[in-house]
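*Asks:* Pasting a structure below so you can have a look.
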Amino acid sequence: MRPTTSVKSSLASMPRVSRTLGRSDSRTCPHEVWRPIPGHRSSARSISRCVNGPAHLHMKSGTLTPVPLGGRVVTGQYLGLVGSSGRSTAPHLHFQLLNETQTVVLDPFAGVCGGSATLWKHQWKANPDTRLIELSTHNPAPVVPGDGCNTTGQVPNFADVFNPGDAVHALVAMRDQTPADVATIEILRPDGTVFLSGPSGAPTSGQFNGSYWYRFATLPPSAPSGVWKARATLSTADGRSFKLEKAFFVGISPAPTAIVSSVLPSSRSVQAASTATAFSTIINAGAGTAYGCWIAAETPLAADFSYQRVDPTNTPIGAPNQIVDIPGNGSQAFVLSFKPQQQFEPPTRVAEAATVTLRYKCANTDAVTPLEGVNTFVISFAPDPVPDVIAISLTPSNDGVARITAPHGSTAFATATSSIGAAGTITARAVASDPTMPLALSICRSDPSTGVCLAPAAPSTQSFFGVNETATWSVFLTATGSIPLDPANRRVRIEFVDPTNIVRGSTSVAVTAP
């Protein structure tokens, strides 16, 4: 039972050339892999005169690119999802360069192509990133026949509903676990009292790249009906703390409901020593209570994430990473925190803006569908103070949709910004989320009282932002064809980028045209 984290693998960081695609499965330990087909020397050598065969191994089964064997793939093209197929203990990106016979691992910077001390061998060390990554409940215990290649016959036996007399197995999955990293696993009754508490296991030496541990107990006949809770906590040697909670039901089976979510602001840009925060709201769109709601950052980050309830004045209440019940047709606001881990990069490293997919889930709901610009979050950071532009947009219909009402017509909306970071030169630009949309865009900085452009509108405009400076912008849209209403995929983003093209602020609206 391995963690299910998946990230895309592509050629984005490779030389801008095409490659011949091949796929192979080892006879002794099957794993998904793409690589140039042995024997296609011209293709392999087009990558570099000193490199013969790159390979991505342990890809997630069933996710490889549909490009046929022998076909060409190019820079930026999707190859598949990082996984844990074959002899692997946890999902990871395994990239290597092999000779033409696929028997010797090569250093692409060695020999006449590079110096003796190469980045391949002497790059900064990837430090362990110990943390809890999943908490789940099961009945009966999960079935894991073996490790390594033996993945057949695995049965997770996930369960959320139990009855008195059932055995509850509370399982926690961890990564980069050392002998000192022992989690506490608890099961709590509906009144909050502890029913079960005990430590996880740990390696006796070395490190487990991926591990899982569970504790279990049989519910007595007198077990109270209601919403129970599983909890896992971990304090690491470097002073970091983690907590996961999960709701499950005993003697009841609440009706499913549905939730939606949003994030404001949709981006932050901070100095690496600072914590980036934003506010998020979960709305229960059904009549029944949504039980045990939680938020997690699905995108892998060199940062620690937490969420915490806030009251109507945005004051945090309760404890971080504490699950919440949301009544029918009600809502709950949270503050989200992202704390960059400086030890994972050289001190001079600058992080480009990354879009973080957030997972919103309750015990009796499906997870919320990610909508970029609505419930995702863009984060960037740097070792020195950087501009941090908080942006929000307002459409004429006041519903987040820019509606062009006539064929080939036009509309406009307003954007307001506040620069709460360092001073700096910023370029504001309007960008269509789908470049094929029949839409012409322009933007101008405007007079805050009248909305009139201070200079002619253009695809982008540059301004110097002072500390705590506020500004307003007018964004103009002209349709050259029909744009069906699809808020998830047809949006206009307003991005504020620094001279190195890193996003330091953003906001977005949906767009539609007849």
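Each chain in the structure tokens gets a letter, A, B, ..., in the order shown, and its residues are numbered from 1; ligands are numbered from 1 in order too.
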Give me, as CSV, each residue of segment 204-287 of chain A that comes within 12 Å of segment 368-374 of chain A, together with its shortest interatomic pair and the distance in Å at one decimal, counting only C-alpha atoms, with rows ordered by chain and rising residue number.
*Replies:*
```
residue,atom,partner,partner_atom,distance
A:Thr257,CA,A:Val368,CA,11.5
A:Ala258,CA,A:Val368,CA,8.3
A:Ile259,CA,A:Val368,CA,6.5
A:Val260,CA,A:Val368,CA,5.9
A:Ser261,CA,A:Val368,CA,7.1
A:Ser262,CA,A:Val374,CA,5.3
A:Val263,CA,A:Val374,CA,6.2
A:Leu264,CA,A:Val374,CA,8.3
A:Pro265,CA,A:Gly373,CA,9.5
A:Ser266,CA,A:Gly373,CA,6.3
A:Ser267,CA,A:Gly373,CA,8.9
A:Phe279,CA,A:Val374,CA,11.9
A:Ser280,CA,A:Val374,CA,10.0
A:Thr281,CA,A:Val374,CA,10.8
A:Ile282,CA,A:Val368,CA,9.4
A:Ile283,CA,A:Val368,CA,10.5
A:Asn284,CA,A:Val368,CA,10.9
A:Ala285,CA,A:Val368,CA,11.5
```
*Asks:* Please identify all polymer residues within 7 Å of Arg309 of chain A, counting only C-alpha atoms, omitting same-chain residues fewer than 6 positions from it, and present them as a PyMOL selection string.
*Replies:* chain A and resi 316-318+333-335
*Asks:* Using only C-alpha atoms, pick whichever of A:Ala202, A:Ala247, A:Ala416, A:Ala159 has the shortest atom-to-atom distance to Arg175 of chain A.
*Replies:*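 Comparing A:Ala202, A:Ala247, A:Ala416, A:Ala159 against Arg175 of chain A, the winner is A:Ala202.
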*Asks:* Point out the residue among A:Thr415, A:Gln96, A:Asn398, A:Gln341 with the least atom-to-atom distance to Thr470 of chain A, counting only C-alpha atoms.
*Replies:*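 Closest to Thr470 of chain A, using only C-alpha atoms: A:Thr415.
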*Asks:* Rounded to one decimal in Å, what is the spacing between atom CA of Ala423 of chain A and atom CA of Val270 of chain A?
*Replies:* 12.5 Å
*Asks:* Between A:Gly251, A:Pro140, A:Pro448, A:Pro190, which residue has the minimum interatomic distance to Val168 of chain A, considering only C-alpha atoms?
*Replies:*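 Once distances to Val168 of chain A are computed over only C-alpha atoms, the minimum belongs to A:Pro140.
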*Asks:* Measure the distance from atom CA of Thr427 of chain A to atom CA of Ala278 of chain A in Å and round it to one decimal.
*Replies:*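 Distance between the two atoms: 22.6 Å.
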*Asks:* Excluding same-chain residues fewer than 2 positions from Ala230 of chain A, what lies within 6 Å of it counting only C-alpha atoms, as a PyMOL selection string?
*Replies:* chain A and resi 186-187+245-246
